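Okay, structure first, notes after.
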Amino acid sequence: MGNAGTILGTLQDPSQQAVPAAKVEISNPITGYKRLVLTDSTGNFRFSNVPPNSYHLNAEAPGFSKLDQDIVVRTSVPINLTLTLKLEGSTSSVTVEADSTDVLETVPFAHSDVDHTSLMKLPSGSPGAGLSDAITLSAPGVVADSNGFFHPLGDHAQTSFSIDGQPISDQQSKQFSTQIPVNAIQSMELITGAPPAEFGDKTSLVVNAVTRSGLDQNGHGSLHLQYGSFGTIAEDASLSLGTSKFGNFLAFNTSRSGRFLDTPEFHPMHAVGNNGTLFDRIDYKPNARDSFHVNLFAARNWFQTPITYDQPGQDQRQKVNTFNISGGYQRTIGTDVLLTFTPFVRRDHLNYYPSADAFADSPATVQQERYLTNYGFRGDVAYVKGRHNLKFGTQVMQTRLSEEFHLGITNSSFNPVCLSASGDPLDLPTVTDPGGCSGALPGAIANPDLLPGLVAIDLTRGGTPLFYNNRGKVNQYAFYGQDSITLGNLNISLGLRIDSYNGLSAATGVQPRAGVSYHNKRTGTVFRTSFSRTFETPYNENLLISSSTGSGGLASNVFGAFGQEPLRPGNRNQYNAGFQQAIGKWAVIDADYFWKYTRNAYDFDTLFNTPIQFPISWRRSAIDGVSVKVSTVNIHGFQAYTTMGHTRARFFGPSNGGLIFNSPLATSVFRIDHDQALQQTTNLRYQKKKDAPWVAFTWRYDSGMVSGAVPDLESALGLTAAEQSAIGFYCGGTFASLNNPITSCGGSNYGATRLNIPAAGTANDDHNPPRIAPRHLFDISAGTDDLFHREKFKTSLRFTVLNLTNQASLYNFLSTFSGTHFVAPRTYQAELGFSF
């Protein structure tokens with residue numbers, strides 16, 4: 001279903017008689033995908049739910065020579081083959097083995113493919129966010145952020161998911177929703193450049209996912225029990241069974257951890273959470289031309305908001321309930337046409353709870369309840385004829401939003417109206433006008449950094465909590481057409497997408513897309529280039545309140561000034577150029593250069609260290625960079641890949657929307673927090689043969705994202721003791737601690753071990769911003785898939801160590817966009833599994 005393909009055919013002998021009980025196998029040596037079926041009594045075979053990719057097919061039967069053929073699955077229209085086996089010894093034959101050259105893909109967009117076999121062996125250190133971890137580890141140019149967030153090619157969360165054809169452009173993160181579990185995924189195609197016209201909304205990264213199916217499964221199941229550091233316990237179970245006409249796949253997962261979210265201190269406090277998901281895919285294929293499927297998904301996240309040493313009594317929590325129902329019907333007409341219809345409905349219900357005592361919350365007490373309900377359908381026609389691979393379709397959906405939000409400032413020193421002559425905050429609860437400072441206390445001065453929009457909701461000054469309650473809806477319609485034209489070794493892709501957006505604002509985007517790729521078979525090289533015009537829509541999470549706060553957000557506007565300017569859709573021009581290069585039969589190099597220019601670019605601002613975020617738009621952004629992935633085939637049991645990325649992300653003010661008051665923001669050009677010079681992930685795995693013991697090693701390097709909160713010494717000295725300790729601030733030979741902050745520093749020998757503070761007088765928001773210090777993280781896993789060497793009932797063991805060196809590193813610090821979060825300390829995980 002969705003973009004998955006079907007390979008079917010007939011195997012015959014030289015006299016055109018059927019060859020029954022023959023083995024037919026398709027495989028991809030890069031992703032590790034492999035399927036084997038037997039021909040029936042009439043010589044027919046069928047592979048359903050095949051992810052889009054290139055495959056090597058081989059067929060063999062006693063008395064016949066082995067047959068080999070390469071197949072490209074780039075359409076949902078069934079690929080019908082008639083294969084003829086030659087009699088053994090009747091002619092000389094050469095056995096063609098699958099290698100890296102066979103799986104070069106002549107498509108004009110950069111992408112990475114990940115199969116279930118690889119997904120299940122990747123390390124995951126973020127409970128409830130295994131899918132995000134897998135994407136971050138697998139796709140080049142994707143920068144890791146806290147709590148399972150990631151920055152795809154210089155953007156924040158500009159990711160669209162297509163799950164069995166269902167479009168999802170809202171964030172699939174445990175902070176906003178609950179994502180589909182990894183063990184429900186058969187494969188993912190991670191598109192990082194020049195998306196085809198069928199994909200819209202948020203296109204920095206398109207996750208084209210195919211879920212697992214029970215079709216043609218006689219009965220397979222698994223149960224994995226896990227225990228790890230921070231009192232983490234988890235289980236994941238799956239069961240697939242079916243025939244050629246009916247299939248059911250079920251996945252049920254639960255987890256509980258004492259470090260559910262990434263924490264603002266290295267050692268977690270108040271960080272317990274749990275997660276539960278249920279996924280069920282039902283397939284029914286009554287005949288050769290019709291097929292139906294239904295995906296059912298229900299999930300729940302509950303967690304505490306981690307605290308810092310400055311918030312000892314805080315007890316804020318969040319709960320998210322999610323359900324999703326999507327269906328699919330496909331009808332094959334003749335041999336060239338496939339009709340697909342996919343209806344869907346999805347709902348997220350989020351509750352955020354404050355502490356029982358409002359003044360135990362610091363610096364603010366927060367409460368929220370919101371609903372996001374998305375429903376609609378997608379329908380398209382795929383047609384394959386000669387050189388052409390066409391698809392035409394439409395997408396219609398509505399998103400209903402309901403938002404209730406309460407906010408009150410509880411710390412008088414957070415946004416003081418008055419300061420002492422030395423710059424310290426003064427607790428003058430009766431003063432709400434900066435002009436009254438000197439009259440209230442001789443020598444007192446007005447705070448030059450006062451956030452006027454927060455004074456009226458400051459509970460320490462007799463203010464009234466902000467109460468916001470609103471409902472809205474967003475209607476979206478899209479029409480698209482695309483054609484992939486094959487002219488020998490040349491592939492030309494042409495597409496047009498038209499999006500209509502009608503919510504708090506209205507706009508229409510006409511989006512031409514074009515790409516060219518050329519396969520030089522002599523050198524084993526594919527060259528590609530493309531242009532994409534895309535229509536970027538606002539985030540739906542907290543869209544209503546963010547559209548009410550106006551330019552600069554609530555903090556810059558006097559309370560009550562709602563209804564100023566809604567967030568509007570943006571437009572992007574994107575250019576890509578890259579290549580794929582086969583290194584003999586051993587490896588493939590895939591490199592891509594991207595340049596993106598966006599008018600009305602998006603991001604989020606975070607409310608302190610809570611998981612509550614608010615969308616912001618910026619006047620424009622200019623993002624460019626390079627992504628590289630090197631992948632090997634299985635070489636005597638060894639297989640490896642390396643991803644690398646360099647991104648320069650420049651945003652231009654002013655901004656609109658949000659509740660920005662974590663740190664100052666530039667009004668002109670600045671490097672946003674997902675700007676990073678180098679990201680690198682290397683994954684090595686050795687398994688001599690199937691079901692043998694295996695070992696895997698992962699090395700992740702990040703040069704450090706922008707962290708704008710500490711641009712100079714004065715800013716560092718203004719931090720609390722806990723904040724100075726978090727960044728490893730020092731002056732001379734003295735390091736800040738929880739009990740001994742550094743309040744003055746006269747020399748030039750100062751800095752921070754986890755943050756790069758620009759030298760005095762050199763800080764620049766564009767060319768020399770403060771950054772998180774570089775970090776190297778190492779993970780190692782070892783296990784066996786068949787401990788007792790049994791054919792049908794297998795027992796597996798696995799042991800994993802994350803952050804092997806126990807490096808204390810930050811993802812971000814006092815970031816307007818992310819808050820403060822440490823990477824996880826050294827973490828141990830043990831797993832016992834059973835499968836049949």
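Chain lettering (A, B, ...) mirrors the order of the structure tokens, residue numbering begins at 1 for each chain separately, and ligand numbering begins at 1 in order of display.
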Which residues of range 669-734 of chain A have any atom within 12 Å of an atom in range 112-117 of chain A when counting only C-alpha atoms, and what is the closest pair of atoms for each, with the distance in Å to one decimal? Order the rows by chain and rising number and write it as CSV.
```
residue,atom,partner,partner_atom,distance
A:Arg685,CA,A:Thr117,CA,12.0
A:Lys690,CA,A:Thr117,CA,11.2
A:Asp691,CA,A:Thr117,CA,11.9
```
Would you give me, as JSON lines, each residue of range 283-311 of chain A having an atom within 9 Å of an atom of range 162-180 of chain A, along with its shortest atom pair and that distance in Å to one decimal, using only C-alpha atoms and sorting by chain and residue number?
```
{"residue": "A:Asn295", "atom": "CA", "partner": "A:Asp164", "partner_atom": "CA", "distance": 8.7}
{"residue": "A:Phe297", "atom": "CA", "partner": "A:Ile180", "partner_atom": "CA", "distance": 7.8}
{"residue": "A:Ala298", "atom": "CA", "partner": "A:Thr178", "partner_atom": "CA", "distance": 8.7}
{"residue": "A:Ala299", "atom": "CA", "partner": "A:Thr178", "partner_atom": "CA", "distance": 6.2}
{"residue": "A:Arg300", "atom": "CA", "partner": "A:Thr178", "partner_atom": "CA", "distance": 6.9}
{"residue": "A:Asn301", "atom": "CA", "partner": "A:Thr178", "partner_atom": "CA", "distance": 6.8}
```
Extract, using only C-alpha atoms, all DNA, RNA and protein residues at most 7 Å from Asn812 in chain A, discarding same-chain residues fewer than 5 positions from it, and format them as a ChimeraX atom specification. /A:707,772,818-821
Report, in Å with one decimal, the straight-line distance from CA of His388 in chain A to CA of Val516 in chain A.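 Here the two named atoms are 14.2 Å from each other.
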Which neighbours of range 302-318 of chain A fall inside 8 Å, counting only C-alpha atoms, when residues of the same chain fewer than 3 positions from it are skipped, and could you give them as an MDAnalysis selection string? chainID A and resid 260:265 268:275 350:356 360:362 609:611 722
Atoms kept (N, CA, C and O atoms) for selection, written as an mmCIF file, in the first residue's frame:
```
data_model
loop_
_atom_site.group_PDB
_atom_site.id
_atom_site.type_symbol
_atom_site.label_atom_id
_atom_site.label_comp_id
_atom_site.auth_asym_id
_atom_site.auth_seq_id
_atom_site.Cartn_x
_atom_site.Cartn_y
_atom_site.Cartn_z
ATOM 1 N N PHE A 260 13.001 9.829 31.010
ATOM 2 C CA PHE A 260 12.169 9.750 29.811
ATOM 3 C C PHE A 260 12.499 10.882 28.847
ATOM 4 O O PHE A 260 12.580 10.677 27.642
ATOM 5 N N LEU A 261 12.651 12.089 29.370
ATOM 6 C CA LEU A 261 13.099 13.228 28.569
ATOM 7 C C LEU A 261 14.562 13.526 28.877
ATOM 8 O O LEU A 261 15.058 13.208 29.960
ATOM 9 N N ASP A 262 15.246 14.141 27.925
ATOM 10 C CA ASP A 262 16.594 14.644 28.201
ATOM 11 C C ASP A 262 16.488 15.756 29.242
ATOM 12 O O ASP A 262 15.577 16.588 29.196
ATOM 13 N N THR A 263 17.452 15.780 30.147
ATOM 14 C CA THR A 263 17.324 16.612 31.344
ATOM 15 C C THR A 263 18.222 17.833 31.313
ATOM 16 O O THR A 263 19.281 17.833 30.661
ATOM 17 N N PRO A 264 17.846 18.910 32.028
ATOM 18 C CA PRO A 264 18.667 20.119 32.062
ATOM 19 C C PRO A 264 19.847 20.023 33.026
ATOM 20 O O PRO A 264 20.592 20.995 33.171
ATOM 21 N N GLU A 265 19.984 18.901 33.720
ATOM 22 C CA GLU A 265 21.167 18.605 34.528
ATOM 23 C C GLU A 265 21.695 17.241 34.081
ATOM 24 O O GLU A 265 20.937 16.383 33.613
ATOM 25 N N PRO A 268 19.745 13.084 36.120
ATOM 26 C CA PRO A 268 18.318 13.399 35.982
ATOM 27 C C PRO A 268 17.608 13.560 37.316
ATOM 28 O O PRO A 268 17.875 12.846 38.284
ATOM 29 N N MET A 269 16.695 14.521 37.349
ATOM 30 C CA MET A 269 15.820 14.744 38.496
ATOM 31 C C MET A 269 14.407 14.947 37.973
ATOM 32 O O MET A 269 14.198 15.680 37.008
ATOM 33 N N HIS A 270 13.444 14.274 38.610
ATOM 34 C CA HIS A 270 12.041 14.435 38.252
ATOM 35 C C HIS A 270 11.866 14.171 36.745
ATOM 36 O O HIS A 270 11.363 15.006 35.999
ATOM 37 N N ALA A 271 12.261 12.972 36.301
ATOM 38 C CA ALA A 271 12.290 12.695 34.865
ATOM 39 C C ALA A 271 11.661 11.350 34.526
ATOM 40 O O ALA A 271 12.020 10.722 33.530
ATOM 41 N N VAL A 272 10.712 10.892 35.340
ATOM 42 C CA VAL A 272 10.072 9.604 35.095
ATOM 43 C C VAL A 272 9.011 9.760 34.007
ATOM 44 O O VAL A 272 8.302 10.770 33.942
ATOM 45 N N GLY A 273 8.908 8.743 33.161
ATOM 46 C CA GLY A 273 7.878 8.759 32.134
ATOM 47 C C GLY A 273 7.600 7.368 31.618
ATOM 48 O O GLY A 273 8.381 6.439 31.840
ATOM 49 N N ASN A 274 6.457 7.206 30.967
ATOM 50 C CA ASN A 274 6.152 5.915 30.362
ATOM 51 C C ASN A 274 5.472 6.116 29.026
ATOM 52 O O ASN A 274 4.934 7.196 28.722
ATOM 53 N N ASN A 275 5.492 5.054 28.236
ATOM 54 C CA ASN A 275 5.004 5.115 26.871
ATOM 55 C C ASN A 275 4.367 3.781 26.517
ATOM 56 O O ASN A 275 4.872 2.716 26.907
ATOM 57 N N LEU A 350 -3.449 16.544 24.259
ATOM 58 C CA LEU A 350 -2.335 16.828 25.160
ATOM 59 C C LEU A 350 -2.825 17.576 26.391
ATOM 60 O O LEU A 350 -3.596 18.537 26.280
ATOM 61 N N ASN A 351 -2.384 17.118 27.562
ATOM 62 C CA ASN A 351 -2.621 17.816 28.824
ATOM 63 C C ASN A 351 -1.288 18.111 29.495
ATOM 64 O O ASN A 351 -0.442 17.204 29.618
ATOM 65 N N TYR A 352 -1.108 19.361 29.896
ATOM 66 C CA TYR A 352 0.080 19.736 30.672
ATOM 67 C C TYR A 352 -0.395 20.237 32.026
ATOM 68 O O TYR A 352 -1.241 21.131 32.108
ATOM 69 N N TYR A 353 0.170 19.649 33.091
ATOM 70 C CA TYR A 353 -0.310 19.916 34.449
ATOM 71 C C TYR A 353 0.733 20.698 35.246
ATOM 72 O O TYR A 353 1.911 20.330 35.269
ATOM 73 N N PRO A 354 0.314 21.760 35.948
ATOM 74 C CA PRO A 354 1.241 22.503 36.799
ATOM 75 C C PRO A 354 1.406 21.807 38.148
ATOM 76 O O PRO A 354 0.719 20.826 38.454
ATOM 77 N N SER A 355 2.306 22.323 38.965
ATOM 78 C CA SER A 355 2.434 21.845 40.338
ATOM 79 C C SER A 355 1.186 22.219 41.132
ATOM 80 O O SER A 355 0.469 23.168 40.789
ATOM 81 N N ALA A 356 0.933 21.458 42.193
ATOM 82 C CA ALA A 356 -0.233 21.747 43.028
ATOM 83 C C ALA A 356 -0.147 23.152 43.611
ATOM 84 O O ALA A 356 -1.156 23.863 43.735
ATOM 85 N N ALA A 360 5.441 26.835 43.614
ATOM 86 C CA ALA A 360 6.503 25.825 43.548
ATOM 87 C C ALA A 360 7.079 25.745 42.146
ATOM 88 O O ALA A 360 8.173 25.212 41.947
ATOM 89 N N ASP A 361 6.334 26.261 41.163
ATOM 90 C CA ASP A 361 6.809 26.313 39.788
ATOM 91 C C ASP A 361 7.671 27.557 39.606
ATOM 92 O O ASP A 361 7.281 28.650 40.034
ATOM 93 N N SER A 362 8.809 27.386 38.960
ATOM 94 C CA SER A 362 9.701 28.523 38.751
ATOM 95 C C SER A 362 10.369 28.392 37.384
ATOM 96 O O SER A 362 10.832 27.311 37.021
ATOM 97 N N ASN A 609 12.388 25.120 30.077
ATOM 98 C CA ASN A 609 12.796 23.751 29.783
ATOM 99 C C ASN A 609 11.609 22.797 29.688
ATOM 100 O O ASN A 609 11.763 21.584 29.785
ATOM 101 N N THR A 610 10.427 23.355 29.517
ATOM 102 C CA THR A 610 9.252 22.508 29.364
ATOM 103 C C THR A 610 9.210 21.952 27.941
ATOM 104 O O THR A 610 9.904 22.444 27.043
ATOM 105 N N PRO A 611 8.359 20.957 27.690
ATOM 106 C CA PRO A 611 8.190 20.474 26.320
ATOM 107 C C PRO A 611 7.191 21.296 25.502
ATOM 108 O O PRO A 611 6.852 20.914 24.388
ATOM 109 N N ALA A 722 23.803 27.012 39.412
ATOM 110 C CA ALA A 722 23.479 25.766 38.714
ATOM 111 C C ALA A 722 23.755 25.884 37.222
ATOM 112 O O ALA A 722 24.242 24.940 36.587
#
```
As a PyMOL selection string, please: every residue in range 183-217 of chain A that a backbone DSSP assignment puts in strand (DSSP E or B). chain A and resi 185-191+205-211
For the residues in the current selection, export all heavy atoms as a compact mmCIF listing (two decimals), in the first residue's frame.
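Saved to out35.txt:
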```
# COMPACT_ATOMS: atom_id res chain seq x y z
N ILE A 185 7.84 -0.84 11.44
CA ILE A 185 8.34 -0.34 10.15
C ILE A 185 9.07 -1.44 9.41
O ILE A 185 9.96 -2.10 9.95
CB ILE A 185 9.30 0.85 10.36
CG1 ILE A 185 8.57 2.00 11.08
CG2 ILE A 185 9.87 1.32 9.04
CD1 ILE A 185 7.54 2.70 10.26
N GLN A 186 8.71 -1.63 8.13
CA GLN A 186 9.46 -2.55 7.27
C GLN A 186 10.67 -1.85 6.67
O GLN A 186 11.77 -2.39 6.64
CB GLN A 186 8.57 -3.08 6.14
CG GLN A 186 9.30 -3.96 5.14
CD GLN A 186 9.91 -5.18 5.79
OE1 GLN A 186 9.22 -5.98 6.40
NE2 GLN A 186 11.22 -5.33 5.68
N SER A 187 10.48 -0.62 6.21
CA SER A 187 11.60 0.13 5.64
C SER A 187 11.25 1.61 5.60
O SER A 187 10.08 1.98 5.67
CB SER A 187 11.94 -0.36 4.22
OG SER A 187 10.95 0.09 3.32
N MET A 188 12.30 2.43 5.49
CA MET A 188 12.12 3.88 5.34
C MET A 188 13.00 4.37 4.20
O MET A 188 14.18 4.02 4.12
CB MET A 188 12.50 4.62 6.62
CG MET A 188 11.64 4.32 7.82
SD MET A 188 12.00 5.43 9.21
CE MET A 188 13.73 5.02 9.55
N GLU A 189 12.42 5.20 3.36
CA GLU A 189 13.18 5.96 2.38
C GLU A 189 13.24 7.39 2.89
O GLU A 189 12.22 8.05 3.02
CB GLU A 189 12.51 5.89 1.01
CG GLU A 189 13.27 6.66 -0.07
CD GLU A 189 12.52 6.67 -1.39
OE1 GLU A 189 11.28 6.86 -1.37
OE2 GLU A 189 13.17 6.49 -2.43
N LEU A 190 14.44 7.86 3.22
CA LEU A 190 14.63 9.18 3.82
C LEU A 190 15.09 10.13 2.72
O LEU A 190 16.26 10.16 2.35
CB LEU A 190 15.64 9.10 4.95
CG LEU A 190 15.36 8.02 6.02
CD1 LEU A 190 16.51 7.95 7.02
CD2 LEU A 190 14.04 8.30 6.73
N ILE A 191 14.16 10.93 2.20
CA ILE A 191 14.44 11.83 1.08
C ILE A 191 14.93 13.17 1.63
O ILE A 191 14.20 13.85 2.34
CB ILE A 191 13.19 12.02 0.21
CG1 ILE A 191 12.70 10.68 -0.32
CG2 ILE A 191 13.47 12.98 -0.94
CD1 ILE A 191 11.37 10.75 -1.07
N LEU A 205 12.97 17.07 4.98
CA LEU A 205 13.14 15.63 5.06
C LEU A 205 11.78 14.99 4.86
O LEU A 205 10.81 15.37 5.51
CB LEU A 205 13.74 15.21 6.41
CG LEU A 205 13.86 13.71 6.66
CD1 LEU A 205 14.87 13.08 5.71
CD2 LEU A 205 14.26 13.43 8.11
N VAL A 206 11.70 14.03 3.96
CA VAL A 206 10.49 13.25 3.75
C VAL A 206 10.78 11.81 4.15
O VAL A 206 11.70 11.19 3.62
CB VAL A 206 10.01 13.31 2.29
CG1 VAL A 206 8.80 12.41 2.09
CG2 VAL A 206 9.67 14.74 1.89
N VAL A 207 10.02 11.32 5.11
CA VAL A 207 10.17 9.94 5.58
C VAL A 207 9.07 9.12 4.91
O VAL A 207 7.91 9.17 5.31
CB VAL A 207 10.07 9.85 7.11
CG1 VAL A 207 10.23 8.40 7.57
CG2 VAL A 207 11.12 10.74 7.77
N ASN A 208 9.45 8.39 3.87
CA ASN A 208 8.51 7.56 3.13
C ASN A 208 8.59 6.15 3.71
O ASN A 208 9.50 5.38 3.39
CB ASN A 208 8.88 7.58 1.65
CG ASN A 208 7.85 6.85 0.79
OD1 ASN A 208 6.74 6.57 1.23
ND2 ASN A 208 8.24 6.54 -0.44
N ALA A 209 7.66 5.82 4.62
CA ALA A 209 7.75 4.59 5.39
C ALA A 209 6.74 3.56 4.92
O ALA A 209 5.59 3.89 4.60
CB ALA A 209 7.54 4.88 6.88
N VAL A 210 7.18 2.32 4.90
CA VAL A 210 6.32 1.17 4.60
C VAL A 210 6.25 0.32 5.85
O VAL A 210 7.29 -0.06 6.41
CB VAL A 210 6.88 0.35 3.43
CG1 VAL A 210 6.03 -0.90 3.19
CG2 VAL A 210 6.97 1.19 2.15
N THR A 211 5.06 0.04 6.33
CA THR A 211 4.92 -0.77 7.55
C THR A 211 4.93 -2.26 7.21
O THR A 211 4.77 -2.66 6.06
CB THR A 211 3.63 -0.41 8.32
OG1 THR A 211 2.50 -0.74 7.51
CG2 THR A 211 3.61 1.07 8.66
```
Excluding Ile325 in chain A and residues on its chain fewer than 2 positions from it, collect all residues at most 9 Å away from it, counting only C-alpha atoms, and give them as a count of residues only. 11
